[in-house]
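For reference, final_17.txt is printed below; it contains compact mmCIF, C-alpha atoms and all ligand atoms.
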# COMPACT_ATOMS: atom_id res chain seq x y z
CA MET M 1 8.34 -17.80 -6.67
CA LYS M 2 6.19 -19.77 -9.14
CA LYS M 3 7.06 -23.07 -7.55
CA LEU M 4 6.52 -21.49 -4.17
CA LEU M 5 3.26 -20.03 -5.31
CA CYS M 6 1.99 -23.43 -6.36
CA ALA M 7 2.62 -24.58 -2.83
CA ILE M 8 0.68 -21.70 -1.38
CA ALA M 9 -2.12 -22.34 -3.90
CA SER M 10 -2.66 -25.87 -2.74
CA ALA M 11 -2.42 -24.68 0.84
CA VAL M 12 -5.16 -22.11 0.34
CA ILE M 13 -7.36 -24.54 -1.57
CA CYS M 14 -7.15 -26.82 1.45
CA CYS M 15 -8.07 -23.90 3.69
CA GLY M 16 -9.66 -25.03 6.91
CA GLN M 17 -8.42 -28.60 6.59
CA ALA M 18 -5.27 -30.30 7.75
CA ILE M 19 -2.37 -29.39 5.52
CA ALA M 20 0.78 -31.43 5.06
CA ALA M 21 3.24 -30.38 7.73
CA ASP M 22 6.11 -30.38 5.27
CA ALA M 23 4.41 -28.02 2.80
CA PRO M 24 7.19 -25.86 1.34
CA ALA M 25 7.36 -22.17 2.13
CA ALA M 26 5.32 -19.97 -0.12
CA ILE M 27 6.51 -16.48 0.66
CA GLU M 28 10.24 -15.84 0.67
CA GLN M 29 10.97 -12.35 1.88
CA GLY M 30 12.89 -10.00 -0.34
CA THR M 31 13.40 -12.43 -3.22
CA VAL M 32 12.24 -11.68 -6.76
CA TRP M 33 8.57 -12.71 -6.99
CA LEU M 34 7.43 -13.75 -10.46
CA ASP M 35 4.08 -13.39 -12.17
CA THR M 36 2.51 -16.13 -14.30
CA ASP M 37 4.49 -14.92 -17.32
CA GLY M 38 7.73 -15.33 -15.40
CA ASN M 39 8.33 -11.59 -15.02
CA PRO M 40 9.13 -9.91 -11.71
CA ILE M 41 6.01 -8.56 -10.03
CA ASN M 42 6.23 -4.80 -10.32
CA ALA M 43 3.71 -3.20 -7.96
CA HIS M 44 5.41 -1.03 -5.34
CA GLY M 45 3.81 1.08 -2.64
CA GLY M 46 0.84 -1.09 -3.42
CA GLY M 47 -2.54 -2.01 -2.12
CA MET M 48 -4.98 -4.89 -2.46
CA LEU M 49 -8.62 -5.18 -3.41
CA TYR M 50 -10.62 -8.35 -2.94
CA HIS M 51 -13.54 -8.43 -5.34
CA ASP M 52 -15.75 -11.25 -6.63
CA GLY M 53 -13.45 -14.03 -5.48
CA LYS M 54 -10.20 -12.49 -6.70
CA TYR M 55 -7.42 -10.43 -5.21
CA TYR M 56 -6.16 -7.43 -7.18
CA TRP M 57 -2.75 -6.02 -6.34
CA TYR M 58 -2.14 -2.44 -7.55
CA GLY M 59 1.16 -0.65 -7.30
CA GLU M 60 3.74 1.70 -8.75
CA TYR M 61 5.17 0.15 -11.92
CA LYS M 62 8.80 1.19 -11.66
CA THR M 63 11.07 0.69 -14.65
CA GLY M 64 14.22 2.23 -16.05
CA GLU M 65 17.09 3.98 -14.46
CA THR M 66 16.91 5.47 -10.99
CA VAL M 67 18.33 8.98 -10.94
CA LEU M 68 19.18 11.53 -8.29
CA PRO M 69 18.30 14.85 -9.93
CA ASP M 70 20.93 17.64 -10.03
CA TRP M 71 18.78 19.90 -7.87
CA ALA M 72 18.34 17.30 -5.13
CA THR M 73 19.30 18.52 -1.67
CA TRP M 74 17.99 15.26 -0.18
CA GLU M 75 17.85 11.69 -1.45
CA ALA M 76 15.10 12.34 -3.97
CA TYR M 77 15.91 9.22 -6.00
CA ARG M 78 13.32 8.72 -8.73
CA THR M 79 12.30 6.76 -11.76
CA ASP M 80 10.08 8.19 -14.47
CA VAL M 81 6.37 7.58 -14.01
CA THR M 82 5.24 4.54 -15.99
CA GLY M 83 1.86 4.13 -14.37
CA VAL M 84 -0.08 1.96 -11.96
CA SER M 85 0.08 -1.79 -12.51
CA CYS M 86 -2.50 -4.41 -11.59
CA TYR M 87 -2.04 -8.13 -10.92
CA SER M 88 -4.84 -10.57 -10.15
CA SER M 89 -4.87 -13.79 -8.18
CA PRO M 90 -7.55 -16.20 -7.03
CA ASP M 91 -5.46 -17.30 -4.06
CA LEU M 92 -2.73 -14.74 -3.24
CA THR M 93 -0.27 -17.10 -4.86
CA THR M 94 -0.24 -17.09 -8.63
CA TRP M 95 -0.31 -13.50 -9.89
CA THR M 96 -1.40 -12.64 -13.41
CA PHE M 97 -0.33 -9.32 -14.86
CA GLU M 98 -3.45 -7.38 -15.86
CA GLY M 99 -1.49 -4.52 -17.37
CA ILE M 100 -0.79 -0.90 -16.55
CA VAL M 101 -4.30 0.13 -15.64
CA LEU M 102 -3.46 3.81 -15.24
CA PRO M 103 -0.64 4.56 -17.67
CA ALA M 104 1.73 7.51 -17.85
CA VAL M 105 0.70 10.36 -20.13
CA LYS M 106 3.77 10.98 -22.22
CA ASP M 107 2.61 13.78 -24.50
CA ASP M 108 1.57 16.36 -21.89
CA PRO M 109 4.42 17.65 -19.69
CA ASP M 110 1.87 19.33 -17.38
CA HIS M 111 -0.15 16.18 -16.74
CA ASP M 112 0.11 14.60 -13.27
CA LEU M 113 0.97 11.31 -14.97
CA HIS M 114 3.72 12.67 -17.21
CA PRO M 115 6.90 10.58 -16.81
CA SER M 116 8.66 13.58 -15.23
CA LYS M 117 6.23 13.57 -12.26
CA VAL M 118 5.77 11.22 -9.30
CA CYS M 119 2.90 8.76 -8.85
CA GLU M 120 3.00 6.79 -5.59
CA ARG M 121 1.02 4.55 -3.26
CA PRO M 122 -2.07 3.78 -5.40
CA LYS M 123 -4.98 2.20 -3.57
CA VAL M 124 -8.19 0.97 -5.20
CA VAL M 125 -11.53 0.54 -3.45
CA TYR M 126 -14.86 -0.66 -4.74
CA ASN M 127 -17.92 1.51 -4.29
CA ALA M 128 -20.95 -0.74 -3.93
CA LYS M 129 -23.37 2.19 -4.42
CA THR M 130 -21.96 3.39 -7.73
CA GLY M 131 -20.50 0.08 -8.90
CA LYS M 132 -17.24 1.91 -9.68
CA PHE M 133 -13.65 1.10 -8.78
CA VAL M 134 -11.98 4.19 -7.36
CA MET M 135 -8.22 4.69 -7.27
CA TRP M 136 -6.50 7.24 -5.04
CA PHE M 137 -2.77 7.88 -5.25
CA HIS M 138 -0.14 10.38 -4.26
CA ALA M 139 0.21 12.81 -7.20
CA GLU M 140 3.52 14.65 -6.95
CA SER M 141 5.91 16.91 -8.73
CA ALA M 142 9.50 15.67 -9.09
CA ASP M 143 10.59 17.86 -6.16
CA TYR M 144 7.70 16.70 -3.94
CA SER M 145 6.26 20.21 -3.56
CA LYS M 146 2.85 19.48 -5.11
CA ALA M 147 1.63 17.18 -2.31
CA CYS M 148 -1.72 16.27 -3.87
CA ALA M 149 -4.03 13.29 -4.13
CA GLY M 150 -4.93 12.00 -7.59
CA VAL M 151 -8.20 10.17 -8.25
CA ALA M 152 -9.16 7.83 -11.10
CA VAL M 153 -12.24 5.70 -11.68
CA ALA M 154 -13.11 2.55 -13.62
CA ASP M 155 -16.00 0.18 -14.29
CA SER M 156 -13.85 -2.91 -13.83
CA PRO M 157 -11.08 -3.68 -11.32
CA THR M 158 -8.62 -4.05 -14.18
CA GLY M 159 -9.58 -0.74 -15.72
CA PRO M 160 -9.12 1.16 -17.87
CA TYR M 161 -9.10 3.91 -15.21
CA THR M 162 -10.16 7.40 -16.20
CA TYR M 163 -8.12 10.07 -14.51
CA LEU M 164 -10.24 12.74 -12.82
CA GLY M 165 -7.44 15.02 -11.60
CA SER M 166 -5.60 15.97 -8.43
CA PHE M 167 -6.21 18.28 -5.47
CA ARG M 168 -5.27 18.83 -1.85
CA PRO M 169 -8.00 17.21 0.26
CA ASN M 170 -9.44 19.81 2.63
CA GLU M 171 -6.83 22.26 1.28
CA ALA M 172 -4.11 20.31 3.10
CA MET M 173 -1.01 18.62 1.71
CA SER M 174 -1.46 14.94 0.86
CA ARG M 175 1.56 12.71 0.38
CA ASP M 176 1.83 9.05 1.54
CA GLN M 177 -1.73 7.83 1.60
CA THR M 178 -4.19 4.99 1.76
CA VAL M 179 -7.95 4.59 1.54
CA PHE M 180 -9.94 2.55 4.03
CA VAL M 181 -13.58 1.46 3.57
CA ASP M 182 -15.46 0.76 6.78
CA ASP M 183 -18.12 -1.92 7.26
CA ASP M 184 -20.86 0.70 6.78
CA GLY M 185 -19.50 1.55 3.31
CA LYS M 186 -18.04 4.92 4.31
CA ALA M 187 -14.53 5.57 3.01
CA TYR M 188 -11.64 7.58 4.45
CA GLN M 189 -8.36 8.76 3.00
CA PHE M 190 -5.41 8.68 5.41
CA ALA M 191 -2.65 11.03 4.24
CA SER M 192 0.64 12.41 5.51
CA SER M 193 0.09 16.16 5.56
CA GLU M 194 1.52 19.43 6.84
CA ASN M 195 4.96 18.59 5.43
CA ASN M 196 4.57 15.01 6.63
CA GLN M 197 4.32 16.16 10.24
CA THR M 198 0.65 15.34 10.80
CA LEU M 199 -1.62 12.63 9.44
CA TYR M 200 -5.02 13.67 8.11
CA ILE M 201 -8.02 11.40 8.03
CA ASN M 202 -10.34 12.74 5.37
CA GLU M 203 -13.87 11.39 5.18
CA LEU M 204 -14.90 10.80 1.56
CA THR M 205 -18.17 11.48 -0.21
CA ASP M 206 -20.54 8.60 -0.88
CA ASP M 207 -19.05 8.15 -4.38
CA TYR M 208 -15.52 8.09 -2.85
CA LEU M 209 -14.35 10.74 -5.31
CA ARG M 210 -13.93 13.78 -3.04
CA PRO M 211 -13.53 14.69 0.64
CA THR M 212 -16.74 15.62 2.44
CA GLY M 213 -15.00 18.41 4.34
CA ARG M 214 -14.99 16.43 7.57
CA PHE M 215 -11.45 15.56 8.65
CA THR M 216 -9.28 15.07 11.70
CA ARG M 217 -5.60 15.86 12.35
CA ASN M 218 -3.81 12.95 14.00
CA PHE M 219 -0.31 12.07 15.19
CA ILE M 220 0.39 15.79 15.25
CA GLY M 221 4.10 16.50 14.82
CA MET M 222 4.86 12.76 14.84
CA SER M 223 5.92 12.45 11.16
CA ARG M 224 4.06 9.28 10.25
CA GLU M 225 4.27 7.97 6.68
CA ALA M 226 3.18 4.87 4.77
CA PRO M 227 -0.18 4.38 6.55
CA ALA M 228 -1.81 0.94 6.30
CA VAL M 229 -5.20 0.67 8.00
CA PHE M 230 -7.25 -2.34 9.03
CA LYS M 231 -10.11 -3.25 11.34
CA ARG M 232 -10.30 -6.21 13.68
CA ASP M 233 -12.88 -7.03 16.33
CA GLY M 234 -14.42 -3.57 16.06
CA LYS M 235 -11.13 -1.71 16.58
CA TYR M 236 -9.21 0.24 13.96
CA TYR M 237 -5.45 -0.13 13.55
CA MET M 238 -2.90 1.86 11.62
CA LEU M 239 0.56 0.56 10.80
CA SER M 240 2.93 3.29 9.66
CA SER M 241 6.58 4.23 9.23
CA GLY M 242 8.64 7.20 10.26
CA CYS M 243 9.78 9.72 7.70
CA THR M 244 13.28 9.00 6.29
CA ALA M 245 12.83 9.13 2.48
CA TRP M 246 13.63 5.66 1.02
CA ASP M 247 15.58 4.51 4.08
CA PRO M 248 14.00 2.15 6.60
CA ASN M 249 13.04 3.15 10.11
CA LYS M 250 10.94 1.85 12.98
CA ALA M 251 7.31 0.92 12.30
CA GLU M 252 4.58 1.84 14.71
CA LEU M 253 1.11 0.53 15.34
CA ALA M 254 -1.75 2.68 16.57
CA VAL M 255 -5.30 1.84 17.60
CA ALA M 256 -8.62 3.68 17.70
CA ASP M 257 -12.23 2.95 18.64
CA SER M 258 -13.45 5.29 15.97
CA VAL M 259 -11.93 5.59 12.51
CA MET M 260 -11.55 9.39 12.66
CA GLY M 261 -9.80 9.07 16.02
CA PRO M 262 -8.60 9.74 18.59
CA TRP M 263 -5.73 7.37 17.82
CA THR M 264 -3.37 5.95 20.41
CA THR M 265 0.10 4.71 19.53
CA ILE M 266 0.65 1.17 20.83
CA GLY M 267 4.31 0.97 19.87
CA GLU M 268 6.67 -0.95 17.63
CA PRO M 269 5.02 -4.20 16.46
CA CYS M 270 7.97 -5.78 14.62
CA THR M 271 10.03 -8.37 16.46
CA GLY M 272 13.18 -10.23 15.45
CA PRO M 273 16.39 -9.25 13.68
CA GLU M 274 16.42 -5.67 12.34
CA ALA M 275 12.93 -5.14 13.76
CA ASP M 276 13.82 -1.54 14.61
CA LYS M 277 14.34 -1.01 10.88
CA THR M 278 11.10 -2.83 9.98
CA PHE M 279 13.27 -5.61 8.50
CA TYR M 280 14.49 -3.02 5.94
CA GLY M 281 10.92 -2.56 4.79
CA GLN M 282 8.22 0.11 4.88
CA SER M 283 4.51 -0.55 5.33
CA THR M 284 2.15 -0.21 2.42
CA TYR M 285 -0.99 -2.26 3.17
CA VAL M 286 -2.54 -4.73 5.60
CA LEU M 287 -4.65 -7.43 3.97
CA PRO M 288 -7.32 -9.36 5.88
CA VAL M 289 -7.24 -12.75 4.12
CA GLN M 290 -10.63 -14.03 2.99
CA GLY M 291 -11.74 -17.29 4.56
CA LYS M 292 -8.78 -17.33 6.95
CA ASP M 293 -10.22 -15.86 10.05
CA GLY M 294 -7.57 -13.92 11.90
CA LEU M 295 -4.96 -13.94 9.11
CA TYR M 296 -3.93 -10.37 8.39
CA ILE M 297 -0.91 -9.94 6.13
CA ALA M 298 1.22 -6.86 6.68
CA MET M 299 2.71 -5.89 3.34
CA PHE M 300 5.96 -3.91 3.16
CA ASP M 301 8.19 -2.56 0.42
CA ARG M 302 11.88 -3.17 0.70
CA TRP M 303 13.05 -0.18 -1.28
CA LYS M 304 16.35 -0.23 -3.17
CA LYS M 305 16.84 3.51 -3.42
CA THR M 306 19.58 3.49 -6.08
CA ASP M 307 17.66 0.99 -8.24
CA LEU M 308 14.02 1.50 -7.33
CA ALA M 309 12.76 -0.87 -10.03
CA ASP M 310 14.49 -3.72 -8.20
CA SER M 311 12.74 -2.95 -4.90
CA ARG M 312 11.31 -6.08 -3.27
CA TYR M 313 8.44 -7.13 -1.03
CA ILE M 314 8.06 -8.45 2.49
CA TRP M 315 4.75 -9.98 3.58
CA LEU M 316 4.31 -11.02 7.18
CA PRO M 317 1.34 -12.34 9.15
CA ILE M 318 0.32 -10.22 12.12
CA ASP M 319 0.32 -12.12 15.40
CA PHE M 320 -2.65 -11.32 17.64
CA SER M 321 -2.09 -14.23 19.99
CA GLY M 322 -0.09 -12.62 22.81
CA GLU M 323 -0.69 -9.68 25.11
CA SER M 324 0.42 -7.31 22.40
CA ILE M 325 0.01 -7.30 18.65
CA THR M 326 3.29 -8.20 16.96
CA ILE M 327 4.73 -8.76 13.51
CA PRO M 328 7.43 -11.38 14.03
CA TRP M 329 10.09 -11.89 11.38
CA ARG M 330 9.77 -15.00 9.26
CA GLU M 331 12.32 -15.61 6.53
CA SER M 332 9.69 -17.63 4.71
CA TRP M 333 6.21 -18.88 5.52
CA SER M 334 2.99 -20.32 4.13
CA PRO M 335 -0.58 -19.40 4.91
CA SER M 336 -1.00 -23.10 5.59
CA ASP M 337 0.98 -22.44 8.76
CA PHE M 338 -2.15 -20.67 10.02
C1 LIG M 401 8.90 7.81 1.66
C2 LIG M 401 7.56 7.44 1.12
O1 LIG M 401 6.96 6.52 1.98
C3 LIG M 401 7.70 6.84 -0.27
O2 LIG M 401 6.44 6.51 -0.76
C4 LIG M 401 8.38 7.87 -1.13
O3 LIG M 401 7.58 9.02 -1.21
C5 LIG M 401 9.71 8.24 -0.55
N1 LIG M 401 9.54 8.74 0.79
C6 LIG M 401 10.41 9.29 -1.38
O4 LIG M 401 11.61 9.65 -0.80
Here is a file; write its structure as structure tokens.
Amino acid sequence: MKKLLCAIASAVICCGQAIAADAPAAIEQGTVWLDTDGNPINAHGGGMLYHDGKYYWYGEYKTGETVLPDWATWEAYRTDVTGVSCYSSPDLTTWTFEGIVLPAVKDDPDHDLHPSKVCERPKVVYNAKTGKFVMWFHAESADYSKACAGVAVADSPTGPYTYLGSFRPNEAMSRDQTVFVDDDGKAYQFASSENNQTLYINELTDDYLRPTGRFTRNFIGMSREAPAVFKRDGKYYMLSSGCTAWDPNKAELAVADSVMGPWTTIGEPCTGPEADKTFYGQSTYVLPVQGKDGLYIAMFDRWKKTDLADSRYIWLPIDFSGESITIPWRESWSPSDF
């Protein structure tokens, strides 16, 4: 990946100018991607923050053995909680490990971040009013009955993050989740709720730390997970997966004129081989690339359920050029292609 990342770096530096047609591919789907220390990038179920000229990639830091607990009546494969990792990059190419910015809490078995619990899908947003970096994640018990959101806050993108605790936003279950900040600075948490049947959009307070109490129920009974939200030309989009534990299923794209809804499902955006299985991936974030007008990267996890630490990544540009919005398969690609 390092060699590939160098290629992408020069491509991005040249942004806006002609780029050598034979520039090597920068993103190779599903391979092991290395950080600047040569270690595999470990940031699953992740999200991105662009702040002061740098990208920050946060995700689940998964290490150690994957186990299927004795009590499991479904494929509740798990690794112990290690914490939330952060990587930084000036160009989406070379990634520097910034550490575990929200680490596991090993000495308190009741803590949400104890290794025996579940910590998934961290997303960090910057609050311009408070100057704080706010992290939301899915705080779970090992058996997935807790269904809460956890919130942590920091003064710097790389932490350290102070954990504030967990709760059910608007008294409703909160599992797979993301946070979206609109152009007016208002933030919203999107969360799979009601036993993953219905997706809640919870408006957040001005400090982004709590729900305001205003929320909408969307995709009722449609079992949407893994929400990834973005805005383009004044419209809101949500990429999501179905609900089949760690196994892949068909992605769907939905659109809305207003962030709280109503939302309309457009259909399956992926095209190409295994598109109906989202290329064996599951959405986690959509990144609008800075300085590359129109380049939105759909980020997916390719979970390896029996060895979660070896799960991989798929990043694909979204194609807005045709009649419909698609995510075509590309084995490898470079932003310089755009
Ligand atoms: C699907 C979710 O999208 C993942 O984040 C994780 O919670 C798995 N289910 C657990 O089975």
Residue neighbourhood M:Ala152, 7 Å, only C-alpha atoms, exclusion window fewer than 6 positions, as a list in words: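 Answer for this query is Val134, Met135, Trp136, Tyr161, Thr162, Tyr163 and Leu164 of chain M.
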Selection as a PyMOL selection string: residues within 8 Å of ligand LIG 401 (chain M) by only C-alpha atoms and all ligand atoms: chain M and resi 45+75-78+120-121+175-176+225-226+241+243-247+282
Counting only C-alpha atoms, the residue of M:Ala142, M:Met260, M:Ala72, M:Leu199 that sits nearest M:Tyr236: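 Ranked by minimum distance to M:Tyr236, first place goes to M:Met260.
Straight-line separation from atom CA of M:Tyr56 to atom CA of M:Ser89: 6.6 Å.
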Nearest-residue call for M:Pro288, choices M:Gly47, M:Pro103, M:Pro248, M:Gly165, using all atoms listed in the file: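 Closest to M:Pro288, using all atoms listed in the file: M:Gly47.
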Computed interatomic separation between atom CA of M:Pro109 and atom CA of M:Val179 (Å):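 These atoms are spaced 27.8 Å apart.
Rounded to one decimal, atom CA of M:Tyr50 and atom CA of M:Gly213 lie 28.1 Å from each other.
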Top pick for closest residue to M:Trp71, considering M:Glu203, M:Glu194, M:Asp143, M:Asp293 and counting all atoms listed in the file: M:Asp143
Go ahead and find all residues with at least one atom no further than 6 Å from (4.9, 9.7, -4.6) in the file's coordinates, using only C-alpha atoms; report them as a CSV table (one decimal) with C-alpha atoms, keeping the file's coordinate frame.
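Result written to selection.csv:
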chain,number,residue,atom,x,y,z
M,118,VAL,CA,5.8,11.2,-9.3
M,119,CYS,CA,2.9,8.8,-8.8
M,120,GLU,CA,3.0,6.8,-5.6
M,138,HIS,CA,-0.1,10.4,-4.3
M,140,GLU,CA,3.5,14.6,-7.0
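Minimum distance to M:Ser166 across M:Phe137, M:Phe97, M:Trp333, M:Tyr280 (counting only C-alpha atoms) occurs at M:Phe137.
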Polymer residues at most 10 Å from M:Ala104, only C-alpha atoms, same-chain spacing of 2 or more positions, as a PyMOL selection string: chain M and resi 80-84+100-102+106-108+111-117+119
Selected residue of minimal separation from M:Gly150 among M:Gln29, M:Ser336, M:Ser174, M:Asn202, counting all atoms listed in the file: M:Ser174
